[in-house]
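Chemist: Hey, dropping data.cif in here, mmCIF, C-alpha atoms and all ligand atoms:
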data_my_file
#
loop_
_atom_site.label_atom_id
_atom_site.label_comp_id
_atom_site.auth_asym_id
_atom_site.auth_seq_id
_atom_site.Cartn_x
_atom_site.Cartn_y
_atom_site.Cartn_z
CA MET A 247 5.93 13.62 -2.83
CA ARG A 248 6.05 13.43 0.93
CA CYS A 249 5.52 10.34 3.01
CA PRO A 250 2.23 10.59 4.93
CA ALA A 251 3.58 8.43 7.74
CA CYS A 252 6.97 10.03 8.47
CA GLU A 253 9.16 13.01 7.59
CA ALA A 254 10.68 11.58 4.42
CA GLN A 255 10.07 13.44 1.17
CA GLY A 256 11.29 13.98 -2.38
CA PHE A 257 9.73 10.85 -3.85
CA GLY A 258 8.40 10.18 -7.30
CA TYR A 259 5.63 7.64 -7.67
CA GLU A 260 7.90 4.61 -7.66
CA GLY A 261 10.01 6.02 -4.85
CA MET A 262 6.93 6.65 -2.74
CA HIS A 263 5.71 3.15 -3.41
CA LYS A 264 9.04 1.60 -2.48
CA HIS A 265 9.40 3.73 0.63
CA LEU A 266 5.96 2.75 1.94
CA ALA A 267 6.53 -0.93 1.20
CA THR A 268 9.91 -1.06 2.91
CA GLU A 269 9.59 1.49 5.72
CA HIS A 270 5.92 1.18 6.58
CA PRO A 271 4.94 -2.41 5.80
CA ASP A 272 2.44 -2.30 8.67
CA LEU A 273 0.18 -0.05 6.58
CA VAL A 274 -0.79 -3.17 4.64
CA GLU A 275 -2.11 -5.74 7.04
CA ILE A 276 -2.37 -9.31 5.84
CA SER A 277 -4.70 -11.63 7.66
CA SER A 278 -4.45 -15.32 6.99
CA ALA A 279 -6.86 -16.34 9.73
CA GLY A 280 -10.07 -17.82 8.36
CA ARG A 281 -10.76 -16.22 4.99
CA SER A 282 -7.54 -14.61 3.92
CA SER A 283 -7.64 -10.91 3.26
CA TYR A 284 -5.50 -7.85 3.32
CA SER A 285 -6.37 -4.37 4.44
CA VAL A 286 -4.71 -1.09 3.58
CA LYS A 287 -4.98 1.75 6.05
CA CYS A 288 -4.53 5.37 5.05
CA PRO A 289 -2.41 7.15 7.67
CA LEU A 290 -4.05 10.49 6.84
CA CYS A 291 -7.78 9.81 6.97
CA ASP A 292 -8.03 6.32 8.51
CA ASP A 293 -9.81 5.00 5.44
CA VAL A 294 -9.40 1.24 5.28
CA TYR A 295 -9.54 -0.81 2.10
CA ARG A 296 -10.23 -4.43 2.70
CA GLN A 297 -9.85 -7.06 0.03
CA ALA A 298 -10.17 -10.81 0.10
CA ILE A 299 -7.21 -12.77 -1.19
CA LYS A 300 -8.24 -15.22 -3.84
CA ARG A 301 -6.15 -18.29 -3.82
CA GLY A 302 -6.25 -21.72 -5.30
CA HIS A 303 -4.57 -23.58 -2.48
CA PRO A 304 -5.86 -22.67 0.96
CA ASP A 305 -2.81 -23.24 3.05
CA ALA A 306 -0.62 -21.01 5.16
CA SER A 307 2.46 -21.44 2.98
CA PHE A 308 0.62 -19.76 0.13
CA ILE A 309 0.23 -16.61 2.16
CA GLN A 310 3.85 -16.74 3.20
CA GLU A 311 4.95 -17.13 -0.37
CA PHE A 312 2.82 -14.33 -1.76
CA GLU A 313 2.90 -11.95 1.17
CA ASP A 314 5.46 -9.66 -0.46
CA GLU A 315 3.43 -9.55 -3.64
CA ILE A 316 0.22 -8.80 -1.76
CA ARG A 317 2.01 -6.06 0.14
CA LEU A 318 3.09 -4.44 -3.12
CA VAL A 319 -0.47 -4.53 -4.46
CA GLY A 320 -1.77 -3.05 -1.21
CA THR A 321 0.89 -0.35 -1.27
CA ASP A 322 -0.11 0.55 -4.81
CA ILE A 323 -3.71 1.03 -3.67
CA LEU A 324 -2.47 3.30 -0.90
CA VAL A 325 -0.35 5.46 -3.21
CA GLN A 326 -3.30 5.81 -5.62
CA HIS A 327 -5.49 6.81 -2.69
CA LEU A 328 -2.96 9.39 -1.49
CA ILE A 329 -2.71 10.95 -4.95
CA GLY A 330 -6.48 10.93 -5.40
CA GLU A 331 -7.61 12.00 -1.94
CA HIS A 332 -4.69 13.83 -0.37
CA PRO A 333 -2.67 15.49 -3.17
CA ASN A 334 -1.83 18.53 -1.06
CA GLU A 335 -0.78 16.56 2.01
CA VAL A 336 1.62 14.38 0.04
CA GLY A 337 2.83 17.17 -2.23
CA TYR A 338 1.50 15.74 -5.47
CA ASP A 339 1.18 18.54 -8.02
CA GLY A 340 -1.47 16.73 -10.04
CA GLY A 341 0.17 17.02 -13.43
CA GLY A 342 2.70 15.43 -15.70
CA ASP A 343 4.61 12.26 -15.21
CA VAL A 344 4.99 11.47 -11.54
CA ARG A 345 7.11 8.42 -12.15
CA GLU A 346 10.82 8.68 -11.56
ZN ZN A 401 7.73 7.20 5.56
ZN ZN A 402 -6.82 8.87 3.07
#
Would you kindly transcribe this structure into structure tokens?
Ligand SMILES: [Zn+2]
Ligand SMILES: [Zn+2]

Modeler:
Amino acid sequence: MRCPACEAQGFGYEGMHKHLATEHPDLVEISSAGRSSYSVKCPLCDDVYRQAIKRGHPDASFIQEFEDEIRLVGTDILVQHLIGEHPNEVGYDGGGDVRE
């Protein structure tokens, strides 16, 4: 697969996921102001997924603590979106086991 946000390519599913999470963390935006939420922006079609963050303890340290985890979940949504909506653009062949 090819990265939709830069020139990198040759990824399997996990590789794509890891690349997006580490190289393009800004694609998952975490908002802790007011009601906490995160949004995932597709770099190809500008679709935005917005999701509230459910949490038991409404304090800022919670967000800090779970930000990495939320980012991974958001990145997973993005990879699924890319495979589902933009298989040609990201070079997903649509068959077989895409995991590394
Ligand atoms: Zn990239
Ligand atoms: Zn898209």

Chemist: In the coordinate frame of the file, compute which residues have an atom within 7 Å of (1.1, 15.6, 3.0) when using only C-alpha atoms, and state them as a list in words.

Modeler: Arg248, Cys249, Pro250, His332, Asn334, Glu335, Val336 and Gly337 of chain A

Chemist: Taking only C-alpha atoms and all ligand atoms into account, report as a list in words which residues have an atom no farther than 12 Å from an atom of ligand ZN 402 (chain A).

Modeler: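 The residues near ligand ZN 402 (chain A) are Pro250, Ala251, Leu273, Val286, Lys287, Cys288, Pro289, Leu290, Cys291, Asp292, Asp293, Val294, Tyr295, Ile323, Leu324, Val325, Gln326, His327, Leu328, Ile329, Gly330, Glu331, His332, Pro333, Asn334, Glu335 and Val336 of chain A.
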
Chemist: Selection from above, C-alpha atoms, as an mmCIF file, in the coordinates of the input, can you write it?

Modeler:
data_model
loop_
_atom_site.group_PDB
_atom_site.id
_atom_site.type_symbol
_atom_site.label_atom_id
_atom_site.label_comp_id
_atom_site.auth_asym_id
_atom_site.auth_seq_id
_atom_site.Cartn_x
_atom_site.Cartn_y
_atom_site.Cartn_z
ATOM 1 C CA PRO A 250 2.230 10.590 4.930
ATOM 2 C CA ALA A 251 3.580 8.430 7.740
ATOM 3 C CA LEU A 273 0.180 -0.050 6.580
ATOM 4 C CA VAL A 286 -4.710 -1.090 3.580
ATOM 5 C CA LYS A 287 -4.980 1.750 6.050
ATOM 6 C CA CYS A 288 -4.530 5.370 5.050
ATOM 7 C CA PRO A 289 -2.410 7.150 7.670
ATOM 8 C CA LEU A 290 -4.050 10.490 6.840
ATOM 9 C CA CYS A 291 -7.780 9.810 6.970
ATOM 10 C CA ASP A 292 -8.030 6.320 8.510
ATOM 11 C CA ASP A 293 -9.810 5.000 5.440
ATOM 12 C CA VAL A 294 -9.400 1.240 5.280
ATOM 13 C CA TYR A 295 -9.540 -0.810 2.100
ATOM 14 C CA ILE A 323 -3.710 1.030 -3.670
ATOM 15 C CA LEU A 324 -2.470 3.300 -0.900
ATOM 16 C CA VAL A 325 -0.350 5.460 -3.210
ATOM 17 C CA GLN A 326 -3.300 5.810 -5.620
ATOM 18 C CA HIS A 327 -5.490 6.810 -2.690
ATOM 19 C CA LEU A 328 -2.960 9.390 -1.490
ATOM 20 C CA ILE A 329 -2.710 10.950 -4.950
ATOM 21 C CA GLY A 330 -6.480 10.930 -5.400
ATOM 22 C CA GLU A 331 -7.610 12.000 -1.940
ATOM 23 C CA HIS A 332 -4.690 13.830 -0.370
ATOM 24 C CA PRO A 333 -2.670 15.490 -3.170
ATOM 25 C CA ASN A 334 -1.830 18.530 -1.060
ATOM 26 C CA GLU A 335 -0.780 16.560 2.010
ATOM 27 C CA VAL A 336 1.620 14.380 0.040
#

Chemist: Counting all atoms listed in the file, which protein, DNA or RNA residues come within 7 Å of ligand ZN 401 (chain A), given as a list in words?

Modeler: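 Result of the 7 Å neighbour search around ligand ZN 401 (chain A): Cys249, Pro250, Ala251, Cys252, Glu253, Ala254, His265, Leu266, Glu269 and His270 of chain A.
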
Chemist: Choose the residue, out of A:Ser282, A:Gly261, A:Thr268, A:Glu311, that has the smallest atom-to-atom separation from A:Ile299; count all atoms listed in the file.

Modeler: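 Looking only at the distances to A:Ile299, the closest residue turns out to be A:Ser282.
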
Chemist: Using all atoms listed in the file, which of A:Val319, A:Met262, A:Ala298, A:Met247 sits nearest A:Ser278?

Modeler: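 Residue with the minimum atom-to-atom distance to A:Ser278: A:Ala298.
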
Chemist: Could you tell me how far atom CA of A:Tyr284 sits from atom CA of A:Lys264, in Å to one decimal place?

Modeler: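 A separation of 18.3 Å between them.
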
Chemist: For a test of reading the model, state the distance in Å between atom CA of A:Val274 and atom CA of A:Asp339, rounded to one decimal.

Modeler: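 The value is 25.2 Å.
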
Chemist: One number please: atom CA of A:Ala267 to atom CA of A:Ala279, in Å, one decimal.

Modeler: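 Going from atom CA of A:Ala267 over to atom CA of A:Ala279, I get 22.1 Å.
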